[in-house]
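Containing mmCIF, C-alpha atoms: data.cif.
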data_upload
#
loop_
_atom_site.label_atom_id
_atom_site.label_comp_id
_atom_site.auth_asym_id
_atom_site.auth_seq_id
_atom_site.Cartn_x
_atom_site.Cartn_y
_atom_site.Cartn_z
CA VAL A 1 4.96 -23.14 -94.87
CA ASP A 2 7.88 -23.19 -92.45
CA ALA A 3 5.59 -22.01 -89.63
CA GLU A 4 2.98 -24.69 -90.39
CA GLY A 5 5.73 -27.32 -90.50
CA GLU A 6 6.92 -26.27 -87.08
CA ARG A 7 3.35 -26.48 -85.68
CA ASP A 8 2.83 -29.93 -87.17
CA LYS A 9 6.13 -31.10 -85.74
CA ASP A 10 5.22 -29.72 -82.31
CA LEU A 11 1.76 -31.36 -82.38
CA HIS A 12 3.28 -34.69 -83.45
CA GLU A 13 5.78 -34.61 -80.60
CA LYS A 14 3.02 -33.82 -78.10
CA PHE A 15 0.90 -36.67 -79.48
CA VAL A 16 3.79 -39.12 -79.25
CA CYS A 17 4.48 -37.99 -75.66
CA TYR A 18 0.78 -38.39 -74.78
CA CYS A 19 0.65 -41.89 -76.22
CA GLU A 20 3.84 -42.95 -74.53
CA LYS A 21 2.61 -41.57 -71.18
CA ASN A 22 -0.82 -43.22 -71.45
CA ASP A 23 0.68 -46.51 -72.53
CA GLY A 24 3.03 -46.39 -69.56
CA ASP A 25 0.16 -45.60 -67.17
CA LEU A 26 -1.91 -48.43 -68.64
CA SER A 27 0.97 -50.88 -68.32
CA ALA A 28 1.48 -49.91 -64.68
CA SER A 29 -2.25 -50.25 -64.02
CA LEU A 30 -2.30 -53.70 -65.61
CA ALA A 31 0.68 -54.76 -63.50
CA ASP A 32 -1.08 -53.56 -60.35
CA LEU A 33 -4.19 -55.53 -61.23
CA ARG A 34 -2.15 -58.65 -61.97
CA ASP A 35 -0.42 -58.33 -58.58
CA LYS A 36 -3.71 -57.73 -56.79
CA ILE A 37 -5.34 -60.97 -57.95
CA PRO A 38 -2.99 -63.42 -56.14
CA ARG A 39 -3.14 -61.25 -53.02
CA LEU A 40 -6.92 -61.45 -53.03
CA GLU A 41 -6.84 -65.19 -53.66
CA ALA A 42 -4.43 -65.67 -50.75
CA SER A 43 -6.67 -63.57 -48.49
CA ILE A 44 -9.71 -65.65 -49.52
CA THR A 45 -7.87 -68.90 -48.75
CA GLU A 46 -6.73 -67.56 -45.39
CA SER A 47 -10.22 -66.32 -44.49
CA GLU A 48 -11.87 -69.58 -45.52
CA SER A 49 -9.36 -71.49 -43.39
CA LEU A 50 -10.13 -69.22 -40.42
CA LYS A 51 -13.88 -69.69 -40.98
CA LYS A 52 -13.44 -73.47 -41.00
CA GLN A 53 -11.40 -73.30 -37.79
CA LEU A 54 -14.00 -71.10 -36.07
CA ASP A 55 -16.81 -73.46 -37.11
CA ALA A 56 -14.90 -76.44 -35.69
CA GLU A 57 -14.21 -74.58 -32.44
CA LEU A 58 -17.87 -73.64 -32.14
CA VAL A 59 -18.85 -77.31 -32.44
CA ALA A 60 -16.33 -78.19 -29.71
CA HIS A 61 -17.53 -75.41 -27.38
CA LYS A 62 -21.15 -76.43 -27.82
CA GLU A 63 -20.25 -80.06 -27.09
CA THR A 64 -18.34 -78.99 -23.97
CA ARG A 65 -21.34 -76.99 -22.79
CA GLU A 66 -23.79 -79.83 -23.39
CA ASN A 67 -21.52 -82.33 -21.63
CA ALA A 68 -21.23 -80.00 -18.63
CA LYS A 69 -25.02 -79.63 -18.47
CA ALA A 70 -25.43 -83.41 -18.72
CA SER A 71 -22.92 -83.89 -15.90
CA ILE A 72 -24.89 -81.53 -13.66
CA THR A 73 -28.15 -83.30 -14.48
CA SER A 74 -26.67 -86.73 -13.78
CA ALA A 75 -24.97 -85.59 -10.57
CA THR A 76 -28.19 -83.94 -9.38
CA LYS A 77 -30.19 -87.13 -9.85
CA GLN A 78 -27.55 -89.14 -8.00
CA ARG A 79 -27.40 -86.57 -5.21
CA GLU A 80 -31.19 -86.70 -4.81
CA LYS A 81 -31.08 -90.49 -4.48
CA GLU A 82 -28.27 -90.33 -1.94
CA ALA A 83 -30.02 -87.59 0.03
CA ALA A 84 -33.26 -89.59 0.13
CA ALA A 85 -31.43 -92.73 1.31
CA PHE A 86 -29.62 -90.72 3.99
CA ALA A 87 -32.86 -89.12 5.15
CA ASP A 88 -34.50 -92.54 5.56
CA GLU A 89 -31.52 -93.99 7.41
CA GLU A 90 -31.13 -90.91 9.59
CA ALA A 91 -34.83 -90.94 10.49
CA GLU A 92 -34.68 -94.63 11.45
CA LEU A 93 -31.52 -94.23 13.52
CA SER A 94 -32.87 -91.12 15.27
CA SER A 95 -36.08 -92.94 16.11
CA ASN A 96 -34.18 -95.95 17.45
CA ILE A 97 -31.81 -93.79 19.49
CA ALA A 98 -34.75 -91.91 20.98
CA ALA A 99 -36.43 -95.21 21.93
CA VAL A 100 -33.24 -96.48 23.58
CA LYS A 101 -32.83 -93.23 25.53
CA LYS A 102 -36.39 -93.52 26.80
CA ALA A 103 -35.76 -97.09 27.88
CA ILE A 104 -32.54 -96.13 29.70
CA ASP A 105 -34.26 -93.24 31.43
CA ALA A 106 -37.26 -95.36 32.45
CA ILE A 107 -35.14 -98.22 33.81
CA ALA A 108 -32.87 -95.82 35.69
CA LYS A 109 -35.93 -94.33 37.35
CA GLY A 110 -37.45 -97.73 38.14
CA MET A 111 -40.27 -97.19 35.65
CA ALA A 112 -39.52 -100.06 33.27
CA GLY A 113 -43.09 -101.29 33.48
CA SER A 114 -44.60 -98.08 32.14
CA PHE A 115 -41.99 -97.94 29.39
CA LEU A 116 -42.82 -101.46 28.23
CA GLN A 117 -46.35 -100.31 27.55
CA SER A 118 -45.21 -97.41 25.36
CA GLY A 119 -44.69 -97.15 21.61
CA ALA A 120 -40.94 -96.74 22.17
CA ALA A 121 -40.84 -100.28 23.55
CA GLY A 122 -42.27 -101.59 20.29
CA ILE A 123 -39.49 -99.83 18.37
CA LEU A 124 -36.94 -101.34 20.74
CA ARG A 125 -38.38 -104.83 20.24
CA ASN A 126 -37.93 -104.55 16.46
CA LEU A 127 -34.44 -103.19 16.97
CA ALA A 128 -33.48 -106.07 19.26
CA VAL A 129 -34.46 -108.55 16.58
CA GLY A 130 -32.83 -106.79 13.64
CA HIS A 131 -29.68 -105.25 15.13
CA GLU A 132 -26.83 -107.37 13.73
CA ALA A 133 -24.11 -105.90 15.94
CA MET A 134 -25.63 -107.39 19.09
CA SER A 135 -24.43 -110.75 20.31
CA GLU A 136 -26.90 -113.59 20.61
CA TYR A 137 -26.72 -113.37 24.41
CA GLU A 138 -27.43 -109.62 24.38
CA ARG A 139 -30.31 -110.09 21.96
CA ASP A 140 -31.84 -112.87 24.07
CA THR A 141 -31.43 -110.88 27.28
CA LEU A 142 -32.98 -107.73 25.80
CA THR A 143 -35.80 -109.68 24.14
CA ALA A 144 -36.60 -111.40 27.43
CA PHE A 145 -36.74 -108.04 29.18
CA LEU A 146 -39.01 -106.54 26.52
CA SER A 147 -41.29 -109.58 26.60
CA THR A 148 -42.36 -109.06 30.22
CA SER A 149 -45.05 -106.67 31.33
CA ALA A 150 -43.09 -105.00 34.09
CA GLY A 151 -39.48 -105.79 33.38
CA TYR A 152 -37.41 -107.87 35.74
CA ALA A 153 -35.38 -105.97 38.27
CA PRO A 154 -32.51 -108.42 38.71
CA ALA A 155 -31.47 -107.86 35.14
CA SER A 156 -31.96 -104.05 35.09
CA GLY A 157 -28.24 -103.27 35.42
CA GLU A 158 -27.32 -105.65 32.63
CA ILE A 159 -30.12 -104.30 30.45
CA LEU A 160 -28.89 -100.76 31.02
CA GLY A 161 -25.40 -101.79 29.89
CA ILE A 162 -26.77 -103.41 26.73
CA LEU A 163 -28.92 -100.39 25.94
CA LYS A 164 -26.13 -97.87 26.52
CA GLN A 165 -23.81 -99.82 24.24
CA LEU A 166 -26.60 -100.02 21.66
CA GLN A 167 -27.06 -96.27 21.89
CA GLU A 168 -23.35 -95.62 21.43
CA ASP A 169 -23.23 -97.91 18.40
CA MET A 170 -26.18 -96.22 16.72
CA GLU A 171 -24.92 -92.73 17.51
CA ALA A 172 -21.56 -93.67 15.98
CA THR A 173 -23.33 -95.00 12.89
CA LEU A 174 -25.40 -91.81 12.65
CA SER A 175 -22.24 -89.74 12.94
CA ASP A 176 -20.55 -91.77 10.21
CA ILE A 177 -23.39 -91.54 7.70
CA THR A 178 -23.80 -87.82 8.45
CA LYS A 179 -20.12 -87.29 7.70
CA VAL A 180 -20.45 -89.23 4.44
CA GLU A 181 -23.54 -87.21 3.53
CA ASN A 182 -21.81 -83.90 4.21
CA GLU A 183 -18.81 -84.97 2.13
CA ALA A 184 -21.14 -86.00 -0.70
CA ILE A 185 -22.89 -82.62 -0.53
CA ALA A 186 -19.57 -80.77 -0.66
CA GLU A 187 -18.38 -82.89 -3.58
CA PHE A 188 -21.64 -82.31 -5.44
CA GLU A 189 -21.52 -78.56 -4.87
CA GLY A 190 -17.90 -78.47 -6.04
CA LEU A 191 -18.74 -80.40 -9.20
CA VAL A 192 -21.72 -78.17 -9.99
CA ALA A 193 -19.64 -75.03 -9.44
CA ALA A 194 -16.90 -76.33 -11.75
CA LYS A 195 -19.37 -77.36 -14.46
CA GLU A 196 -21.19 -74.03 -14.24
CA LYS A 197 -17.86 -72.30 -14.86
CA GLU A 198 -17.34 -74.55 -17.88
CA ILE A 199 -20.81 -73.66 -19.15
CA ALA A 200 -20.23 -69.94 -18.68
CA ALA A 201 -16.83 -70.07 -20.41
CA ALA A 202 -18.19 -72.14 -23.29
CA THR A 203 -21.17 -69.81 -23.71
CA GLU A 204 -18.90 -66.78 -23.78
CA ALA A 205 -16.65 -68.45 -26.36
CA ILE A 206 -19.66 -69.47 -28.47
CA GLU A 207 -21.03 -65.93 -28.53
CA ALA A 208 -17.65 -64.38 -29.40
CA LYS A 209 -16.77 -66.92 -32.09
CA THR A 210 -20.24 -66.87 -33.62
CA GLU A 211 -19.86 -63.13 -34.08
CA ARG A 212 -16.33 -63.54 -35.45
CA ALA A 213 -17.42 -66.32 -37.82
CA GLY A 214 -20.15 -64.03 -39.16
CA GLU A 215 -17.64 -61.24 -39.75
CA VAL A 216 -15.27 -63.61 -41.56
CA ALA A 217 -18.12 -64.93 -43.72
CA VAL A 218 -18.94 -61.36 -44.83
CA GLN A 219 -15.24 -60.72 -45.42
CA ILE A 220 -15.01 -63.78 -47.67
CA VAL A 221 -17.97 -62.60 -49.75
CA ASN A 222 -16.44 -59.13 -50.12
CA LEU A 223 -13.04 -60.56 -51.07
CA LYS A 224 -14.60 -62.80 -53.72
CA ASN A 225 -16.56 -59.89 -55.13
CA ASP A 226 -13.39 -57.80 -55.19
CA LEU A 227 -11.58 -60.63 -56.96
CA GLU A 228 -14.26 -60.87 -59.65
CA ASP A 229 -14.27 -57.09 -60.13
CA THR A 230 -10.48 -57.07 -60.39
CA LYS A 231 -10.50 -59.83 -63.01
CA ASP A 232 -13.19 -57.99 -65.00
CA GLU A 233 -11.26 -54.72 -64.81
CA LEU A 234 -8.06 -56.44 -65.92
CA GLY A 235 -9.88 -57.93 -68.91
CA ASP A 236 -11.37 -54.56 -69.84
CA ARG A 237 -8.01 -52.78 -69.68
CA LYS A 238 -6.32 -55.45 -71.75
CA SER A 239 -9.00 -54.98 -74.42
CA THR A 240 -8.55 -51.22 -74.25
CA ARG A 241 -4.81 -51.56 -74.79
CA LEU A 242 -5.22 -53.95 -77.71
CA ASN A 243 -7.78 -51.68 -79.38
CA SER A 244 -5.57 -48.66 -78.97
#

Go through the file and emit its structure as structure tokens.
Amino acid sequence: VDAEGERDKDLHEKFVCYCEKNDGDLSASLADLRDKIPRLEASITESESLKKQLDAELVAHKETRENAKASITSATKQREKEAAAFADEEAELSSNIAAVKKAIDAIAKGMAGSFLQSGAAGILRNLAVGHEAMSEYERDTLTAFLSTSAGYAPASGEILGILKQLQEDMEATLSDITKVENEAIAEFEGLVAAKEKEIAAATEAIEAKTERAGEVAVQIVNLKNDLEDTKDELGDRKSTRLNS
């Protein structure tokens, strides 16, 4: 009887120790689960905020890229118009300068008559009428010369002076518009280069942030699943403790 009493006492003590240990482990586990829930909720909030920020930045990068592309398109159209206008003006000035040079050369060689029968003389006649920089006297003198069939020798020296001045004026104008055209080309090329850099940078940012936004979206789903699992596990363990 004494021996059986000792065994019962020993078994009871072991049972009490087991229960106390398991209850302590369960309490610690419940505390861990309770602490985990707010951490998960904070992580979800932080991740959702990051996702929202990334989405907003993606919109801004895409807008920057589209604006840069639109700037290039607009600048290209403007450059084409300017280039066409320059080409027309350059062609007209070059033709007029060539006609004046022929007239100067012909008069200097005493061949004004043959020049007046050429196509260059017709160009010079139109120029004499439309060239605003000429004085009325110069225009009348040149028109009179171009209206004869052989030119009039007494006025050849004066005509040469008028023509040389006309040539200088047109060459100066050609030089000026060529300078403006070259500056416009350089400005256009600089703008395009800058906008292409913007496009490249925006594209790189879009690709990187799209990938990051996708990763964060997956992270949010996983965190929410983990939160639900943690809440379920906490509920199950509370039930287990109450039943025990």

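Considering the residues A:Ala120, A:Ala133, A:Leu160, A:Ala83 and counting all atoms listed in the file, A:Ala108 has its shortest atom-to-atom contact with A:Leu160.
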
Using all atoms listed in the file, tabulate the residues of stretch 81-116 of chain A lying at most 8 Å from any atom of stretch 161-168 of chain A, each with its closest atom pair and that distance in Å to one decimal, by chain and increasing residue number, as JSON lines.
{"residue": "A:Ile97", "atom": "CA", "partner": "A:Gln167", "partner_atom": "CA", "distance": 5.9}
{"residue": "A:Val100", "atom": "CA", "partner": "A:Leu163", "partner_atom": "CA", "distance": 6.3}
{"residue": "A:Lys101", "atom": "CA", "partner": "A:Gln167", "partner_atom": "CA", "distance": 7.5}
{"residue": "A:Ala103", "atom": "CA", "partner": "A:Leu163", "partner_atom": "CA", "distance": 7.8}
{"residue": "A:Ile104", "atom": "CA", "partner": "A:Leu163", "partner_atom": "CA", "distance": 6.7}

Can you list, as a tab-separated table (two decimals) with C-alpha atoms, keeping the file's coordinate frame, every protein, DNA or RNA residue that comes within 8 Å of stretch 170-187 of chain A when you count all atoms listed in the file, leaving out same-chain residues fewer than 6 positions away?
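Below is the file that was written, part25.tsv:
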chain	number	residue	atom	x	y	z
A	79	ARG	CA	-27.40	-86.57	-5.21
A	82	GLU	CA	-28.27	-90.33	-1.94
A	83	ALA	CA	-30.02	-87.59	0.03
A	86	PHE	CA	-29.62	-90.72	3.99
A	90	GLU	CA	-31.13	-90.91	9.59
A	93	LEU	CA	-31.52	-94.23	13.52
A	94	SER	CA	-32.87	-91.12	15.27
A	97	ILE	CA	-31.81	-93.79	19.49

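With only C-alpha atoms as the atoms that count, the residue of A:Leu191, A:Ile199, A:Ala31, A:Leu146 with the shortest distance to A:Ser114 is A:Leu146.
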
For a test of reading the model, state the distance in Å between atom CA of A:Ala56 and atom CA of A:Arg212, rounded to one decimal.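 Calculated distance between atom CA of A:Ala56 and atom CA of A:Arg212 is 13.0 Å.
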
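For the choices A:Ile107, A:Val129, A:Ala84, A:Ala68, the atom-to-atom distance to A:Glu158 is smallest for A:Ile107 when using all atoms listed in the file.
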
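Here atom CA of A:Leu30 and atom CA of A:Asp229 stand 13.6 Å from one another.
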
Name all residues at most 10 Å from A:Thr210 (count all atoms listed in the file; drop same-chain ones fewer than 6 positions away) and give them as an mmCIF file with C-alpha atoms, in the coordinates of the input.
data_model
loop_
_atom_site.group_PDB
_atom_site.id
_atom_site.type_symbol
_atom_site.label_atom_id
_atom_site.label_comp_id
_atom_site.auth_asym_id
_atom_site.auth_seq_id
_atom_site.Cartn_x
_atom_site.Cartn_y
_atom_site.Cartn_z
ATOM 1 C CA LEU A 54 -14.000 -71.100 -36.070
ATOM 2 C CA ASP A 55 -16.810 -73.460 -37.110
ATOM 3 C CA GLU A 57 -14.210 -74.580 -32.440
ATOM 4 C CA LEU A 58 -17.870 -73.640 -32.140
ATOM 5 C CA GLU A 204 -18.900 -66.780 -23.780
ATOM 6 C CA VAL A 216 -15.270 -63.610 -41.560
#

For A:Glu63, which residue among A:Ala144, A:Leu223, A:Ala106, A:Ile206 is the nearest when counting all atoms listed in the file? A:Ile206

Is it possible to get the residues within 8 Å of (-28.4, -106.1, 18.0) (coordinates as in the file, counting all atoms listed in the file) written as a CSV table (one decimal) with C-alpha atoms, in the frame of the given file?
chain,number,residue,atom,x,y,z
A,127,LEU,CA,-34.4,-103.2,17.0
A,128,ALA,CA,-33.5,-106.1,19.3
A,129,VAL,CA,-34.5,-108.6,16.6
A,130,GLY,CA,-32.8,-106.8,13.6
A,131,HIS,CA,-29.7,-105.2,15.1
A,132,GLU,CA,-26.8,-107.4,13.7
A,133,ALA,CA,-24.1,-105.9,15.9
A,134,MET,CA,-25.6,-107.4,19.1
A,135,SER,CA,-24.4,-110.8,20.3
A,138,GLU,CA,-27.4,-109.6,24.4
A,139,ARG,CA,-30.3,-110.1,22.0
A,166,LEU,CA,-26.6,-100.0,21.7

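Atom CA of A:Lys62 to atom CA of A:Lys77 spans 22.8 Å [interatomic distance, one decimal].
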
Taking the file as shown, what set of residues would the PyMOL selection byres ((chain A and resi 42-47) around 12) give back, as a ChimeraX atom specification? /A:35-41,48-54,212-227

So which one's closest to A:Lys109, A:Gly157, A:Asn126, A:Ala201, A:Asn96? Using all atoms listed in the file, please.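 Of all the options, A:Gly157 lies closest to A:Lys109.
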
A:Ala99, A:Ala208, A:Ala194, A:Ala75 ranked by distance to A:Gly122, top pick (using all atoms listed in the file):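 Smallest distance to A:Gly122 is found for A:Ala99.
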
Which residues come within 8 Å of A:Ile159, counting only C-alpha atoms, excluding same-chain residues fewer than 4 positions away, as a list in words? Thr141, Leu142, Phe145, Ala155 and Leu163 of chain A

Work out where the centre of an axis-aligned box around every listed atom of stretch 69-88 of chain A lies and how long its edges are once 6 Å is added on each side; give both in Å to one decimal as JSON.
{"center_x": -28.7, "center_y": -86.2, "center_z": -6.6, "size_x": 23.6, "size_y": 25.1, "size_z": 36.3}
